[in-house]
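Reading through the structure tokens given below for one structure.
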Amino acid sequence: MKLIDTHNHIYLEEFDADQAELIREAQASGIEAFLLPNVDVETIDRMHDVCRRYPDFAYPMMGLHPTSVHADYAADLQTIESWLGKETYCAIGEIGIDLFWDKTYKKQQVEVFEEQLRWSLDLHLPVAIHTRDAFPEVLDSIYKVGADKLEGVFHSFTGTAEDLEAVKRLPGFKIGINGVVTFKNSKLGEILQATSMQQIVLETDAPYLAPVPYRGKRNEPVYIWKTAEKLAQIYQIPLEYVVSEARKNALLLFKSVNKRL
């Protein structure tokens, strides 16, 4: 079985001590690609370094994360945009709106999100969307910029049944499922009954959101198999089908990766 981790931050300092070992372990388990979303201007070099050392395995995205948007965001956004003409990226990401931690820069977050959505249209790239306590705002921006043309994934989907229905009405979007689906108190498994594997891509968000039985610890790439096993249990289907469908969905969405795998 070959599996694609569509959202992974293996380049962060949490992995400095054993990054190469973890990548070897992931490859040995059957993981054939990491898709690496950028966070902000401080993470660009780290992300590019991993992708240059593993050119047929790690694929970069470029974007400005919503929690990195502040009052003086213009310079950071300009730096992020400048990279789009220098390197090849599989997506615009990680972008979105996050009103969980701080609503101070809500207006700026919306402006930055919509600008990056427009980049994705101009460059014909999908988007990796981060949304927390901001699903209505994210949807408003998507419809404003072009819901019929945009493609992407709602990364770390933990929305309500109504949120899922809203995503299903967007023809170009999938949902990214990670370790949250294994949490004992999560309702996500029940909500996912309203869709199928055709809507889903797999991800870790490592080092965050480790699945059970590793919850609360550093998430490692190989743990993505626990998420796949949970989806097989939820849908009562073979693990092989979960992995193959998620892989197919990822390659349909991230077309530049598809050309190389």
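Ligands are numbered from 1 in the order shown, chains are lettered A, B, ... in the order of the structure tokens, and residues start at 1 in each chain.
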
So that I can check the surroundings of segment 115-121 of chain A, please list as a list in words every protein, DNA and RNA residue that reaches within 7 Å of it, counting only C-alpha atoms and ignoring chain neighbours fewer than 4 positions away.
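Once the nearby chain positions are removed, what remains is Ile92, Glu111, Leu125, Pro126, Val127, Val145 and Leu150 of chain A.
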
Those selected residues, please, written with N, CA and C atoms and delivered as a short mmCIF file (atom, residue, chain, number, x, y, z; two decimals), in the first residue's frame.
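This went into out-v5.cif:
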data_model
loop_
_atom_site.label_atom_id
_atom_site.label_comp_id
_atom_site.auth_asym_id
_atom_site.auth_seq_id
_atom_site.Cartn_x
_atom_site.Cartn_y
_atom_site.Cartn_z
N ILE A 92 -1.05 26.32 -2.54
CA ILE A 92 -0.95 27.52 -1.74
C ILE A 92 -1.40 27.14 -0.34
N GLU A 111 -8.43 39.53 4.59
CA GLU A 111 -7.77 40.13 3.43
C GLU A 111 -6.64 39.24 2.90
N LEU A 125 -3.35 26.40 -8.75
CA LEU A 125 -2.91 25.54 -7.66
C LEU A 125 -4.04 25.36 -6.65
N PRO A 126 -4.12 24.19 -6.01
CA PRO A 126 -5.09 24.02 -4.93
C PRO A 126 -4.65 24.78 -3.69
N VAL A 127 -5.53 24.86 -2.71
CA VAL A 127 -5.23 25.54 -1.45
C VAL A 127 -5.38 24.56 -0.29
N VAL A 145 -14.37 34.87 -3.80
CA VAL A 145 -13.27 34.78 -4.76
C VAL A 145 -13.60 33.86 -5.93
N LEU A 150 -12.17 27.44 -7.43
CA LEU A 150 -11.16 27.08 -6.43
C LEU A 150 -11.16 25.58 -6.16
#

Determine which residues of segment 7-246 of chain A DSSP labels as strand (DSSP E) from the backbone of this structure, then write them out as a VMD selection string.
chain A and resid 31 to 36 58 to 60 92 to 98 127 to 132 152 to 154 173 to 177 200 to 202

Would you list, as number ranges by chain, the residues of segment 14-227 of chain A that end up in alpha helix (DSSP H) under DSSP run on this structure's backbone?
A: 19-29, 44-53, 73-83, 106-123, 135-145, 161-168, 188-191, 224-227

Just how far from atom CA of Glu162 of chain A is atom CA of Ile224 of chain A, in Å to one decimal?
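Those two atoms sit 26.2 Å apart.
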
Looking at only C-alpha atoms, which of A:Pro66, A:Pro171, A:Gly93, A:Pro55 is the one that sits closest to Asn38 of chain A?
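For Asn38 of chain A, the nearest of the given residues is A:Gly93.
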
Could you list, with a cut-off of 12 Å and counting only C-alpha atoms, the residues of segment 23-67 of chain A near segment 254-261 of chain A, each shown with its nearest atom pair and the distance in Å rounded to one decimal, rows sorted by chain and ascending number, as JSON lines?
{"residue": "A:Ile31", "atom": "CA", "partner": "A:Leu261", "partner_atom": "CA", "distance": 11.9}
{"residue": "A:Glu32", "atom": "CA", "partner": "A:Leu261", "partner_atom": "CA", "distance": 8.3}
{"residue": "A:Ala33", "atom": "CA", "partner": "A:Leu261", "partner_atom": "CA", "distance": 8.6}
{"residue": "A:Phe34", "atom": "CA", "partner": "A:Val257", "partner_atom": "CA", "distance": 10.0}
{"residue": "A:Leu35", "atom": "CA", "partner": "A:Val257", "partner_atom": "CA", "distance": 8.8}
{"residue": "A:Leu36", "atom": "CA", "partner": "A:Val257", "partner_atom": "CA", "distance": 11.8}
{"residue": "A:Pro55", "atom": "CA", "partner": "A:Arg260", "partner_atom": "CA", "distance": 10.1}
{"residue": "A:Asp56", "atom": "CA", "partner": "A:Arg260", "partner_atom": "CA", "distance": 7.4}
{"residue": "A:Phe57", "atom": "CA", "partner": "A:Leu261", "partner_atom": "CA", "distance": 9.0}
{"residue": "A:Ala58", "atom": "CA", "partner": "A:Val257", "partner_atom": "CA", "distance": 9.6}
{"residue": "A:Tyr59", "atom": "CA", "partner": "A:Val257", "partner_atom": "CA", "distance": 7.4}
{"residue": "A:Pro60", "atom": "CA", "partner": "A:Val257", "partner_atom": "CA", "distance": 10.0}
{"residue": "A:Met61", "atom": "CA", "partner": "A:Phe254", "partner_atom": "CA", "distance": 10.3}

From the options A:Asp72, A:Asp133, A:Asp148, A:Glu220, which residue's atoms come nearest to Tyr208 of chain A, counting only C-alpha atoms?
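Under the stated criterion, the closest residue is A:Glu220.
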
Residue with the minimum atom-to-atom distance to Ala228 of chain A, picked from A:Ile129, A:Leu22, A:Leu170, A:Val243 with only C-alpha atoms counted, is A:Val243

Taking 3 positions as the minimum chain separation for residues in the same chain, which residues sit within 8 Å of segment 40-47 of chain A when counting only C-alpha atoms? Answer as a ChimeraX atom specification.
/A:11-12,36,50-51,60,63-65,68,76,79-80

Could those residues be written to a file, using C-alpha atoms, as a PDB file, in the first residue's frame?
ATOM      1  CA  TYR A  11      10.758  20.626   8.837  1.00  0.00           C
ATOM      2  CA  LEU A  12       9.963  22.181  12.240  1.00  0.00           C
ATOM      3  CA  LEU A  36       4.702  20.322   3.385  1.00  0.00           C
ATOM      4  CA  VAL A  50      13.807  19.290   3.475  1.00  0.00           C
ATOM      5  CA  CYS A  51      12.325  19.388  -0.013  1.00  0.00           C
ATOM      6  CA  PRO A  60       6.425  22.204  -0.682  1.00  0.00           C
ATOM      7  CA  GLY A  63       1.475  30.452   2.022  1.00  0.00           C
ATOM      8  CA  LEU A  64       1.051  32.578   5.128  1.00  0.00           C
ATOM      9  CA  HIS A  65      -0.701  30.920   8.073  1.00  0.00           C
ATOM     10  CA  SER A  68       1.002  34.696  11.595  1.00  0.00           C
ATOM     11  CA  ASP A  76       5.424  39.190   5.040  1.00  0.00           C
ATOM     12  CA  THR A  79       7.931  37.920   0.764  1.00  0.00           C
ATOM     13  CA  ILE A  80       5.692  34.859   0.563  1.00  0.00           C
TER      14      ILE A  80
END

Would you work out the distance separating atom CA of Lys149 of chain A from atom CA of Ser244 of chain A, expressed in Å to one decimal?
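Atom CA of Ser244 of chain A lies 26.0 Å from atom CA of Lys149 of chain A.
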